[in-house]
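Enquirer: Supplied structure: coords25.txt, compact mmCIF, C-alpha atoms.
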```
# COMPACT_ATOMS: atom_id res chain seq x y z
CA MET A 1 52.01 85.53 191.30
CA LEU A 2 52.76 82.88 193.92
CA PHE A 3 55.47 80.22 194.11
CA THR A 4 52.69 77.67 193.81
CA ASP A 5 52.08 78.96 190.26
CA LEU A 6 55.62 78.15 189.04
CA GLY A 7 55.54 74.36 188.77
CA LEU A 8 57.68 73.62 191.82
CA SER A 9 57.19 70.35 193.70
CA GLU A 10 55.63 70.01 197.13
CA PRO A 11 58.95 69.38 198.98
CA ILE A 12 60.44 72.59 197.57
CA LEU A 13 57.26 74.61 198.19
CA ARG A 14 57.18 73.33 201.77
CA ALA A 15 60.74 74.55 202.37
CA ILE A 16 59.92 77.94 200.84
CA ALA A 17 56.80 78.25 202.99
CA GLU A 18 58.77 77.40 206.13
CA GLU A 19 60.98 80.39 205.41
CA GLY A 20 57.85 82.54 205.27
CA TYR A 21 57.79 83.30 201.55
CA THR A 22 54.90 83.06 199.13
CA SER A 23 55.63 85.43 196.23
CA PRO A 24 58.66 85.40 193.90
CA THR A 25 60.61 88.52 193.00
CA PRO A 26 60.50 89.62 189.34
CA ILE A 27 63.76 87.88 188.42
CA GLN A 28 62.54 84.68 190.09
CA ALA A 29 59.13 84.84 188.39
CA LYS A 30 60.88 85.01 185.01
CA SER A 31 63.93 82.82 185.51
CA ILE A 32 62.32 79.85 187.29
CA PRO A 33 60.05 78.92 184.33
CA ALA A 34 62.93 79.57 181.91
CA VAL A 35 65.31 77.22 183.75
CA LEU A 36 62.61 74.56 184.04
CA LYS A 37 62.29 74.53 180.24
CA GLY A 38 65.84 73.19 180.06
CA GLY A 39 67.33 75.80 177.72
CA ASP A 40 70.23 78.18 178.23
CA LEU A 41 69.61 81.45 180.05
CA LEU A 42 71.28 84.84 180.22
CA ALA A 43 69.81 86.83 183.10
CA ALA A 44 70.62 90.26 184.49
CA ALA A 45 69.14 91.86 187.57
CA GLN A 46 70.33 94.39 190.09
CA THR A 47 72.02 93.18 193.24
CA GLY A 48 69.53 92.20 195.92
CA THR A 49 66.75 91.14 193.58
CA GLY A 50 66.91 87.42 194.31
CA LYS A 51 69.07 85.97 191.53
CA THR A 52 70.28 83.11 193.74
CA ALA A 53 66.83 81.60 194.27
CA GLY A 54 66.15 82.33 190.61
CA PHE A 55 68.42 79.41 189.73
CA THR A 56 68.60 77.26 192.89
CA LEU A 57 64.86 76.62 193.05
CA PRO A 58 64.40 75.42 189.45
CA ILE A 59 67.64 73.42 189.60
CA LEU A 60 66.36 71.57 192.66
CA GLN A 61 63.12 70.95 190.78
CA ARG A 62 64.89 69.63 187.68
CA LEU A 63 67.08 67.24 189.67
CA THR A 64 64.19 65.82 191.67
CA SER A 65 62.02 65.31 188.59
CA SER A 66 64.71 63.51 186.56
CA LYS A 67 66.91 60.82 188.06
CA ALA A 68 70.52 60.30 187.00
CA SER A 69 70.72 57.93 184.04
CA SER A 70 72.83 55.36 185.93
CA GLY A 71 70.57 55.32 188.96
CA LYS A 72 73.57 56.25 191.11
CA ARG A 73 74.17 59.65 192.73
CA LEU A 74 76.13 61.65 190.16
CA LEU A 75 77.50 65.19 190.26
CA ARG A 76 75.03 66.78 187.88
CA VAL A 77 75.12 70.49 188.74
CA LEU A 78 78.09 72.85 189.01
CA ILE A 79 77.56 76.37 190.35
CA LEU A 80 80.57 78.68 190.02
CA THR A 81 80.83 81.89 192.05
CA PRO A 82 83.69 84.40 192.26
CA THR A 83 84.11 84.54 196.05
CA ARG A 84 83.97 82.30 199.08
CA GLU A 85 81.24 84.35 200.71
CA LEU A 86 79.04 84.11 197.65
CA ALA A 87 79.68 80.39 197.37
CA ALA A 88 78.66 79.92 201.00
CA GLN A 89 75.46 81.90 200.48
CA VAL A 90 74.52 79.88 197.40
CA GLN A 91 75.15 76.64 199.30
CA GLU A 92 72.99 77.93 202.15
CA SER A 93 70.17 78.53 199.65
CA VAL A 94 70.56 75.05 198.16
CA VAL A 95 70.46 73.44 201.61
CA THR A 96 67.56 75.56 202.86
CA TYR A 97 65.25 74.98 199.92
CA GLY A 98 66.40 71.47 199.09
CA LYS A 99 66.13 70.00 202.58
CA TYR A 100 63.11 67.82 201.69
CA THR A 101 64.39 66.71 198.28
CA GLY A 102 67.00 64.18 199.38
CA LEU A 103 69.62 65.90 197.21
CA LYS A 104 73.19 66.26 198.44
CA SER A 105 75.40 69.29 197.91
CA THR A 106 78.59 70.83 199.22
CA VAL A 107 80.61 73.99 198.77
CA ILE A 108 84.34 74.23 198.09
CA PHE A 109 86.60 77.28 198.21
CA GLY A 110 90.13 78.22 199.14
CA GLY A 111 91.41 79.56 202.43
CA VAL A 112 90.41 76.45 204.37
CA GLY A 113 91.66 72.88 204.41
CA ALA A 114 90.84 70.82 201.33
CA ASN A 115 90.52 67.43 203.03
CA PRO A 116 86.95 67.87 204.36
CA GLN A 117 85.92 69.11 200.92
CA ILE A 118 87.54 66.13 199.20
CA LYS A 119 85.78 63.78 201.64
CA ALA A 120 82.40 65.42 200.95
CA ILE A 121 82.87 65.04 197.19
CA ALA A 122 83.95 61.41 197.54
CA GLY A 123 80.78 60.67 199.50
CA GLY A 124 78.66 61.45 196.44
CA LEU A 125 76.99 64.71 195.43
CA ASP A 126 74.23 66.04 193.22
CA ILE A 127 75.26 69.71 193.37
CA LEU A 128 78.68 71.31 193.78
CA VAL A 129 79.07 75.01 194.57
CA ALA A 130 82.63 76.20 193.99
CA THR A 131 85.01 79.05 193.44
CA PRO A 132 87.16 78.55 190.32
CA GLY A 133 90.53 78.34 192.07
CA ARG A 134 89.71 75.60 194.55
CA LEU A 135 87.78 73.65 191.92
CA LEU A 136 90.78 73.65 189.59
CA ASP A 137 93.03 72.61 192.47
CA LEU A 138 90.86 69.58 193.23
CA MET A 139 90.46 68.74 189.56
CA SER A 140 94.25 68.69 189.19
CA GLN A 141 94.38 66.16 192.04
CA ASN A 142 91.68 64.02 190.36
CA CYS A 143 89.43 64.57 193.37
CA VAL A 144 86.45 65.76 191.37
CA SER A 145 85.05 64.76 187.99
CA LEU A 146 82.77 66.99 185.92
CA LYS A 147 81.95 64.39 183.25
CA ASP A 148 78.31 64.02 184.35
CA ILE A 149 77.45 67.71 184.73
CA GLU A 150 74.05 68.50 183.24
CA ILE A 151 73.64 72.10 184.43
CA LEU A 152 76.32 74.79 184.72
CA VAL A 153 75.67 78.07 186.53
CA LEU A 154 77.97 81.07 186.35
CA ASP A 155 76.81 83.28 189.20
CA GLU A 156 77.89 86.93 189.32
CA ALA A 157 79.62 86.38 186.00
CA ASP A 158 80.48 90.07 185.68
CA ARG A 159 82.45 89.92 188.92
CA MET A 160 84.25 86.76 187.82
CA LEU A 161 85.48 88.52 184.71
CA ASP A 162 86.38 91.61 186.71
CA MET A 163 88.46 89.50 189.09
CA GLY A 164 90.40 87.90 186.25
CA PHE A 165 88.86 84.43 186.33
CA LEU A 166 88.22 84.12 182.59
CA ARG A 167 91.17 81.78 182.03
CA ASP A 168 90.10 79.58 184.97
CA ILE A 169 86.54 79.46 183.67
CA LYS A 170 87.73 78.33 180.25
CA LYS A 171 89.75 75.50 181.83
CA ILE A 172 86.69 74.36 183.74
CA LEU A 173 84.45 74.57 180.66
CA ALA A 174 86.86 72.33 178.78
CA ALA A 175 86.26 69.56 181.34
CA LEU A 176 82.45 69.68 181.02
CA PRO A 177 80.23 67.62 178.71
CA LYS A 178 79.33 69.51 175.54
CA GLN A 179 75.63 68.78 176.04
CA ARG A 180 74.45 70.68 179.10
CA GLN A 181 72.24 73.53 180.23
CA ASN A 182 74.10 76.81 180.83
CA LEU A 183 72.79 79.54 183.12
CA LEU A 184 74.66 82.84 183.26
CA PHE A 185 73.58 85.34 185.90
CA SER A 186 75.02 88.83 186.12
CA ALA A 187 74.28 92.18 187.70
CA THR A 188 74.96 93.92 184.39
CA PHE A 189 75.07 93.18 180.67
CA SER A 190 78.51 94.58 179.92
CA THR A 191 80.29 94.13 176.60
CA GLU A 192 82.51 91.49 178.21
CA ILE A 193 79.51 89.56 179.55
CA LYS A 194 77.88 89.56 176.12
CA ALA A 195 81.10 88.24 174.59
CA LEU A 196 81.27 85.45 177.19
CA ALA A 197 77.63 84.60 176.60
CA ASP A 198 78.13 84.42 172.84
CA GLY A 199 80.80 81.76 173.27
CA LEU A 200 79.06 79.81 176.04
CA LEU A 201 75.32 79.91 175.54
CA ASN A 202 73.20 78.24 172.87
CA ALA A 203 70.20 80.35 171.80
CA PRO A 204 69.68 81.58 175.35
CA GLU A 205 66.53 83.10 176.73
CA LEU A 206 67.30 86.67 177.75
CA ILE A 207 65.93 88.09 181.00
CA GLU A 208 66.55 91.58 182.30
CA VAL A 209 64.34 92.87 185.07
CA ALA A 210 65.89 96.30 185.46
CA ARG A 211 67.67 98.75 183.21
CA SER A 212 71.29 97.73 182.84
CA ASN A 213 73.80 99.57 185.05
CA SER A 214 71.06 101.51 186.81
CA ALA A 215 70.89 102.30 190.49
CA ASN A 216 67.97 101.16 192.62
CA GLU A 217 65.38 103.92 192.91
CA ALA A 218 64.79 102.97 196.55
CA ILE A 219 68.29 104.24 197.35
CA ALA A 220 68.81 107.93 198.15
CA GLN A 221 72.24 108.88 196.78
CA LEU A 222 74.27 111.85 198.01
CA ILE A 223 77.76 113.21 197.41
CA HIS A 224 79.72 115.02 200.14
CA PRO A 225 82.70 116.90 198.62
CA VAL A 226 85.61 116.85 201.08
CA ASP A 227 89.41 117.01 201.16
CA ARG A 228 91.11 113.62 201.21
CA THR A 229 92.62 114.31 204.67
CA LYS A 230 89.20 115.09 206.15
CA LYS A 231 87.35 111.99 204.97
CA HIS A 232 87.81 110.12 208.25
CA PRO A 233 86.66 113.01 210.47
CA LEU A 234 83.68 113.58 208.17
CA LEU A 235 82.68 109.92 208.29
CA ALA A 236 82.88 109.90 212.09
CA HIS A 237 80.83 113.11 212.17
CA LEU A 238 78.13 111.65 209.92
CA ILE A 239 77.86 108.46 211.97
CA GLN A 240 77.75 110.22 215.32
CA SER A 241 75.65 113.27 214.45
CA ASN A 242 73.05 111.19 212.60
CA ASP A 243 73.18 108.37 215.15
CA TRP A 244 73.75 105.76 212.44
CA LYS A 245 73.53 102.29 213.95
CA GLN A 246 74.66 100.19 210.97
CA VAL A 247 76.79 101.39 208.07
CA LEU A 248 78.73 99.47 205.44
CA VAL A 249 81.80 101.46 204.39
CA PHE A 250 83.77 100.80 201.20
CA THR A 251 87.46 101.56 200.86
CA ARG A 252 89.66 101.11 197.82
CA THR A 253 92.42 99.11 199.51
CA LYS A 254 92.93 96.58 202.30
CA HIS A 255 95.41 98.90 204.02
CA GLY A 256 92.89 101.72 203.84
CA ALA A 257 90.23 99.52 205.43
CA ASN A 258 92.51 98.57 208.34
CA LYS A 259 93.59 102.18 208.88
CA LEU A 260 90.01 103.43 208.89
CA VAL A 261 88.93 100.81 211.44
CA THR A 262 91.72 101.95 213.78
CA GLN A 263 90.64 105.58 213.39
CA LEU A 264 86.95 104.86 213.94
CA GLU A 265 87.66 102.76 217.02
CA LYS A 266 89.55 105.73 218.50
CA ASP A 267 86.40 107.78 217.91
CA GLY A 268 84.38 105.26 219.91
CA ILE A 269 82.71 103.79 216.80
CA THR A 270 82.74 99.98 216.92
CA SER A 271 84.21 98.75 213.63
CA MET A 272 85.80 95.77 211.92
CA ALA A 273 87.35 95.28 208.49
CA ILE A 274 86.58 92.58 205.95
CA HIS A 275 89.00 91.91 203.10
CA GLY A 276 91.03 89.16 201.48
CA ASN A 277 93.96 89.37 203.89
CA LYS A 278 91.80 88.72 206.93
CA SER A 279 91.66 85.17 208.25
CA GLN A 280 88.63 83.04 207.53
CA SER A 281 87.43 83.23 211.13
CA ALA A 282 87.97 87.00 211.30
CA ARG A 283 85.88 87.59 208.18
CA THR A 284 83.10 85.33 209.41
CA LYS A 285 83.07 87.01 212.83
CA ALA A 286 83.05 90.51 211.34
CA LEU A 287 80.00 89.83 209.21
CA ALA A 288 78.19 87.97 212.00
CA ASP A 289 78.80 90.79 214.49
CA PHE A 290 77.69 93.38 211.94
CA LYS A 291 74.47 91.51 211.17
CA ALA A 292 73.82 91.10 214.91
CA GLY A 293 74.19 94.84 215.53
CA LYS A 294 77.37 94.49 217.58
CA LEU A 295 79.27 96.70 215.12
CA THR A 296 78.33 100.14 213.89
CA ALA A 297 80.65 100.09 210.88
CA LEU A 298 81.80 97.24 208.68
CA VAL A 299 84.66 98.47 206.50
CA ALA A 300 85.08 96.44 203.33
CA THR A 301 86.88 96.23 200.03
CA ASP A 302 84.90 95.47 196.86
CA ILE A 303 86.01 91.85 196.52
CA ALA A 304 85.19 90.96 200.11
CA ALA A 305 81.83 92.71 200.19
CA ARG A 306 80.40 91.29 196.98
CA GLY A 307 77.31 89.28 197.86
CA ILE A 308 76.90 90.52 201.43
CA ASP A 309 73.20 90.08 202.09
CA ILE A 310 71.91 92.04 205.08
CA ASP A 311 68.20 92.63 205.51
CA GLN A 312 67.26 96.32 205.64
CA LEU A 313 70.81 97.69 205.75
CA PRO A 314 70.16 101.44 206.11
CA HIS A 315 73.44 103.07 205.10
CA VAL A 316 76.29 102.51 202.64
CA VAL A 317 79.23 104.91 202.48
CA ASN A 318 81.73 105.10 199.65
CA TYR A 319 84.74 106.28 201.65
CA ASP A 320 86.66 105.92 198.38
CA LEU A 321 84.96 105.89 195.02
CA PRO A 322 85.60 102.70 193.03
CA ASN A 323 87.93 102.79 190.02
CA VAL A 324 85.44 100.67 188.07
CA SER A 325 82.19 102.57 187.68
CA GLU A 326 80.00 99.45 187.68
CA ASP A 327 81.22 98.70 191.20
CA TYR A 328 79.40 101.80 192.40
CA VAL A 329 76.09 100.17 191.46
CA HIS A 330 77.10 96.92 193.18
CA ARG A 331 78.21 98.76 196.32
CA ILE A 332 75.12 100.86 196.86
CA GLY A 333 72.98 97.83 196.01
CA ARG A 334 73.84 96.47 199.48
CA THR A 335 71.09 98.82 200.75
CA GLY A 336 67.57 99.45 199.45
CA ARG A 337 66.93 95.72 199.11
CA ALA A 338 63.58 93.94 198.99
CA GLY A 339 61.67 97.16 198.67
CA SER A 340 63.15 98.85 201.75
CA ASN A 341 64.71 102.31 201.50
CA GLY A 342 68.39 102.99 201.92
CA VAL A 343 70.92 105.83 201.83
CA ALA A 344 74.19 105.74 199.89
CA VAL A 345 76.68 108.49 200.71
CA SER A 346 79.94 109.08 198.84
CA LEU A 347 82.84 111.11 200.24
CA VAL A 348 84.50 112.58 197.17
CA CYS A 349 87.84 114.40 197.11
CA VAL A 350 89.51 116.21 194.21
CA ASP A 351 91.36 113.02 193.20
CA GLU A 352 88.03 111.34 192.41
CA HIS A 353 86.28 113.97 190.30
CA GLN A 354 86.78 112.03 187.08
CA MET A 355 85.57 108.83 188.74
CA LEU A 356 82.42 110.64 189.82
CA LYS A 357 81.83 111.85 186.26
CA ASP A 358 82.25 108.28 184.97
CA ILE A 359 79.76 106.96 187.55
CA GLU A 360 77.19 109.63 186.69
CA LYS A 361 77.60 108.84 183.01
CA LEU A 362 77.06 105.14 183.71
CA ILE A 363 73.93 105.56 185.83
CA LYS A 364 72.68 108.40 183.60
CA GLN A 365 72.00 110.82 186.42
CA LYS A 366 73.63 113.74 188.15
CA LEU A 367 74.09 112.95 191.82
CA PRO A 368 73.14 115.66 194.34
CA GLN A 369 76.00 117.23 196.31
CA GLU A 370 76.02 118.66 199.80
CA VAL A 371 78.99 120.30 201.49
CA ILE A 372 78.97 119.67 205.25
CA ALA A 373 79.77 122.72 207.40
CA GLY A 374 83.24 122.45 208.85
CA PHE A 375 84.36 120.06 206.10
CA GLU A 376 84.43 122.40 203.12
CA PRO A 377 86.94 121.23 200.49
CA ASP A 378 89.90 123.43 199.56
CA PRO A 379 89.05 124.94 196.14
CA ASN A 380 92.76 125.09 195.30
CA ALA A 381 93.51 121.45 196.08
CA VAL A 382 95.41 119.59 193.36
CA ALA A 383 94.41 116.08 192.34
CA GLN A 384 96.84 113.23 193.03
CA PRO A 385 96.98 110.00 190.96
CA ILE A 386 95.16 106.93 192.29
CA GLN A 387 96.55 103.39 191.96
CA LEU A 388 94.96 101.54 189.06
CA ARG A 389 92.67 98.68 189.96
CA SER A 390 94.46 96.27 187.66
CA GLN A 391 97.54 96.62 189.85
CA GLN A 392 95.48 95.78 192.92
CA HIS A 393 94.10 92.70 191.19
CA GLN A 394 97.58 91.54 190.36
CA GLN A 395 98.51 91.83 194.02
CA SER A 396 95.38 90.09 195.25
CA ARG A 397 95.46 86.98 193.10
CA LYS A 398 97.73 85.09 195.56
CA PRO A 399 95.99 84.04 197.66
CA ARG A 400 92.97 84.10 195.39
CA PRO A 401 90.51 86.88 196.11
CA ALA A 402 87.82 85.83 198.49
CA GLY A 403 84.77 86.83 200.33
CA LEU A 404 83.99 85.54 203.79
CA GLY A 405 83.90 81.83 203.15
CA GLY A 406 82.46 79.46 205.70
CA ALA A 407 78.79 79.48 206.42
CA PRO A 408 77.35 82.99 206.74
CA ALA A 409 75.76 83.85 210.02
CA LYS A 410 72.34 82.27 210.15
CA LYS A 411 69.43 84.52 210.83
CA ALA A 412 67.51 83.74 213.99
CA PRO A 413 64.14 82.25 213.12
CA ALA A 414 61.81 85.16 212.72
CA LYS A 415 58.50 85.31 214.49
CA ARG A 416 56.22 85.51 211.52
CA SER A 417 53.81 88.39 211.88
CA SER A 418 54.16 89.73 208.35
CA PRO A 419 51.43 89.81 205.71
CA PRO A 420 50.80 86.44 204.03
CA LYS A 421 52.29 87.42 200.68
CA ARG A 422 56.01 88.10 200.72
CA SER A 423 58.77 88.01 198.16
CA PHE A 424 62.33 87.10 198.93
CA ASN A 425 65.79 87.93 197.66
CA ARG A 426 67.90 84.86 198.41
```
Go ahead and render the structure in this file as structure tokens.

Expert:
Amino acid sequence: MLFTDLGLSEPILRAIAEEGYTSPTPIQAKSIPAVLKGGDLLAAAQTGTGKTAGFTLPILQRLTSSKASSGKRLLRVLILTPTRELAAQVQESVVTYGKYTGLKSTVIFGGVGANPQIKAIAGGLDILVATPGRLLDLMSQNCVSLKDIEILVLDEADRMLDMGFLRDIKKILAALPKQRQNLLFSATFSTEIKALADGLLNAPELIEVARSNSANEAIAQLIHPVDRTKKHPLLAHLIQSNDWKQVLVFTRTKHGANKLVTQLEKDGITSMAIHGNKSQSARTKALADFKAGKLTALVATDIAARGIDIDQLPHVVNYDLPNVSEDYVHRIGRTGRAGSNGVAVSLVCVDEHQMLKDIEKLIKQKLPQEVIAGFEPDPNAVAQPIQLRSQQHQQSRKPRPAGLGGAPAKKAPAKRSSPPKRSFNR
């Protein structure tokens, strides 16, 4: 199937072609026609499968094919995302593929000044991409009206619930017209997501392109048992002995991320951390340097790393296993994207044995284990309690949890020498 088979207009197809793409991914091939029909949609696909274009492309098509009833430019589409970084990526997709449509859009999120955002909204918009917190802030100041919204998108809805945004979402829903199209996109179909969908969606079309809560088969997964005090030396050993050039490392806490960066730098491994306590410019620089190959290791917490989109990222390391099993699938989904292969390594100490069992139960597979010589775990080690994630969420709500924010680093224009048919994951 080609994009030209999906009923998209020439201006949108031209923008897609300029990016070098001709073939949709499975989620795009199914969701684009569904959105164009005008009905509600509940879609699940693994991270990295192209959910963003699955809704941005048909939304652009719908807006260009039907003018606002008043003839004036009205805010007709609201796209909600859980983090700044995700919001910025969605906005980048809207701008990239809508550049010949004449539609106007902007993105709003916290952590930066509100005045430029208020000015952009006042100038007239067709599409608004927003995080819940900043949107509610501007709504409370009467700076944005949602009375003309025709299409609502909840992107990464599972993460929004996980981050405690359900109350904010309900406040926003109450300000929307009752008659509208609702699109809910999620990495998984959890019980909570199904409950949200039941209350939000009207006879939705259901799309699921991969088995729920499954790990990408293109990702080689491996467990290295190790004592908690030897995790840092083992990580440095793996990076240096295997000559890893680019590795995304997940830690459980912001403090842990900062500490690990300091340790890796002492080992001569260029590293930066990305988490909610970092400044906007620091987060943007860290991701840009990592994408450009200036950093070997990008150390991230779950909230900050959600939505990081790096072409052909070879290695992901779970320095700490996540407390929420579904996050394991999201984490390792940073690699093995768009058909490329990736390696996901987890350093597991005695404290995390139950977490590992929960993850294996979720993904319905036993993960292979390999003890690295010189890093054998103490068989008599006693497990210590790990801080519950809910406590971390409580601490991270002020300021609101965020990803990078700002515009993600733009890829340099590629010299197209690839085969003519290509699918994309934006």

Enquirer: Near Leu135 in chain A, within 8 Å and counting all atoms listed in the file, which residues show up once chain neighbours fewer than 5 positions away are dropped, as a list of chain:residue names?

Expert: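 Close residues of Leu135 in chain A: A:Ile108, A:Phe109, A:Ala130.
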
Enquirer: So, counting all atoms listed in the file, which residue among A:Ser66, A:Thr56, A:Gln117, A:Ala300 is closest to Ser93 in chain A?

Expert: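 Checking each of A:Ser66, A:Thr56, A:Gln117, A:Ala300 against Ser93 in chain A, counting all atoms listed in the file, the winner is A:Thr56.
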
Enquirer: A:Arg84, A:Lys366, A:Lys72, A:Lys294: which is nearest Pro132 in chain A, counting only C-alpha atoms?

Expert: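 Result for the nearest residue to Pro132 in chain A: A:Arg84.
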
Enquirer: Quick one: everything within 12 Å of Leu222 in chain A, counting only C-alpha atoms, minus sequence neighbours fewer than 4 positions away in the same chain. Send it as number ranges by chain.

Expert: A: 315-318, 332, 342-348, 356, 360, 365-372

Enquirer: Please produce an output containing C-alpha atoms for each residue in the selection, written as a compact mmCIF listing (two decimals), in the frame of the given file.

Expert:
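What landed in result.txt:
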```txt
# COMPACT_ATOMS: atom_id res chain seq x y z
CA HIS A 315 73.44 103.07 205.10
CA VAL A 316 76.29 102.51 202.64
CA VAL A 317 79.23 104.91 202.48
CA ASN A 318 81.73 105.10 199.65
CA ILE A 332 75.12 100.86 196.86
CA GLY A 342 68.39 102.99 201.92
CA VAL A 343 70.92 105.83 201.83
CA ALA A 344 74.19 105.74 199.89
CA VAL A 345 76.68 108.49 200.71
CA SER A 346 79.94 109.08 198.84
CA LEU A 347 82.84 111.11 200.24
CA VAL A 348 84.50 112.58 197.17
CA LEU A 356 82.42 110.64 189.82
CA GLU A 360 77.19 109.63 186.69
CA GLN A 365 72.00 110.82 186.42
CA LYS A 366 73.63 113.74 188.15
CA LEU A 367 74.09 112.95 191.82
CA PRO A 368 73.14 115.66 194.34
CA GLN A 369 76.00 117.23 196.31
CA GLU A 370 76.02 118.66 199.80
CA VAL A 371 78.99 120.30 201.49
CA ILE A 372 78.97 119.67 205.25
```

Enquirer: Between A:Ala88, A:Leu260, A:Ile16, A:Ala44, which is the closest to Ser190 in chain A once you count all atoms listed in the file?

Expert: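 Going through A:Ala88, A:Leu260, A:Ile16, A:Ala44 one by one, the smallest distance to Ser190 in chain A is for A:Ala44.
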
Enquirer: Would you compute the distance between CA of Ile310 in chain A and CA of Ala292 in chain A? Give it in Å to one decimal.

Expert: 10.1 Å

Enquirer: Can you list, as a PyMOL selection string, every protein, DNA or RNA residue that comes within 12 Å of Lys171 in chain A when you count only C-alpha atoms, leaving out same-chain residues fewer than 6 positions away?

Expert: chain A and resi 132-133+135-137+139-140+146+165

Enquirer: Between A:Val261, A:Arg76, A:Leu138, A:Met355, which one has atoms that come closest to Leu176 in chain A, using only C-alpha atoms?

Expert: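 Smallest distance to Leu176 in chain A is found for A:Arg76.
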
Enquirer: I'd like the interatomic distance between CA of Thr83 in chain A and CA of Lys278 in chain A, to a tenth of an Å.

Expert: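 Distance between the two atoms: 14.0 Å.
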
Enquirer: Would you mind telling me which residue in A:Thr64, A:Ser241, A:Phe55, A:Ser279 lies nearest to Gly110 in chain A when using all atoms listed in the file?

Expert: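 Among the listed residues, the smallest separation from Gly110 in chain A belongs to A:Ser279.
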
Enquirer: Report, in Å to a single decimal, how far apart CA of Leu86 in chain A and CA of Gly39 in chain A are.

Expert: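 The value is 24.6 Å.
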
Enquirer: Take the point (80.0, 70.9, 184.6) as written in the file and pick out every residue within 10 Å of it, counting only C-alpha atoms; give the list as an MDAnalysis selection string.

Expert: chainID A and resid 75:80 128 145:153 172:182

Enquirer: Excluding Glu18 in chain A and its own-chain neighbours fewer than 4 positions away, which residues fall within 10 Å of it when counting all atoms listed in the file? Please give them as an mmCIF file with C-alpha atoms, in the coordinates of the input.

Expert:
```cif
data_model
loop_
_atom_site.group_PDB
_atom_site.id
_atom_site.type_symbol
_atom_site.label_atom_id
_atom_site.label_comp_id
_atom_site.auth_asym_id
_atom_site.auth_seq_id
_atom_site.Cartn_x
_atom_site.Cartn_y
_atom_site.Cartn_z
ATOM 1 C CA ILE A 12 60.440 72.590 197.570
ATOM 2 C CA LEU A 13 57.260 74.610 198.190
ATOM 3 C CA ARG A 14 57.180 73.330 201.770
ATOM 4 C CA THR A 22 54.900 83.060 199.130
ATOM 5 C CA THR A 96 67.560 75.560 202.860
ATOM 6 C CA TYR A 97 65.250 74.980 199.920
#
```

Enquirer: I need the residue nearest Gly293 in chain A from this list: A:Ile274, A:Leu206, A:Leu313, A:Leu6. Use all atoms listed in the file for the distance.

Expert: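 Closest residue, counting all atoms listed in the file: A:Leu313.
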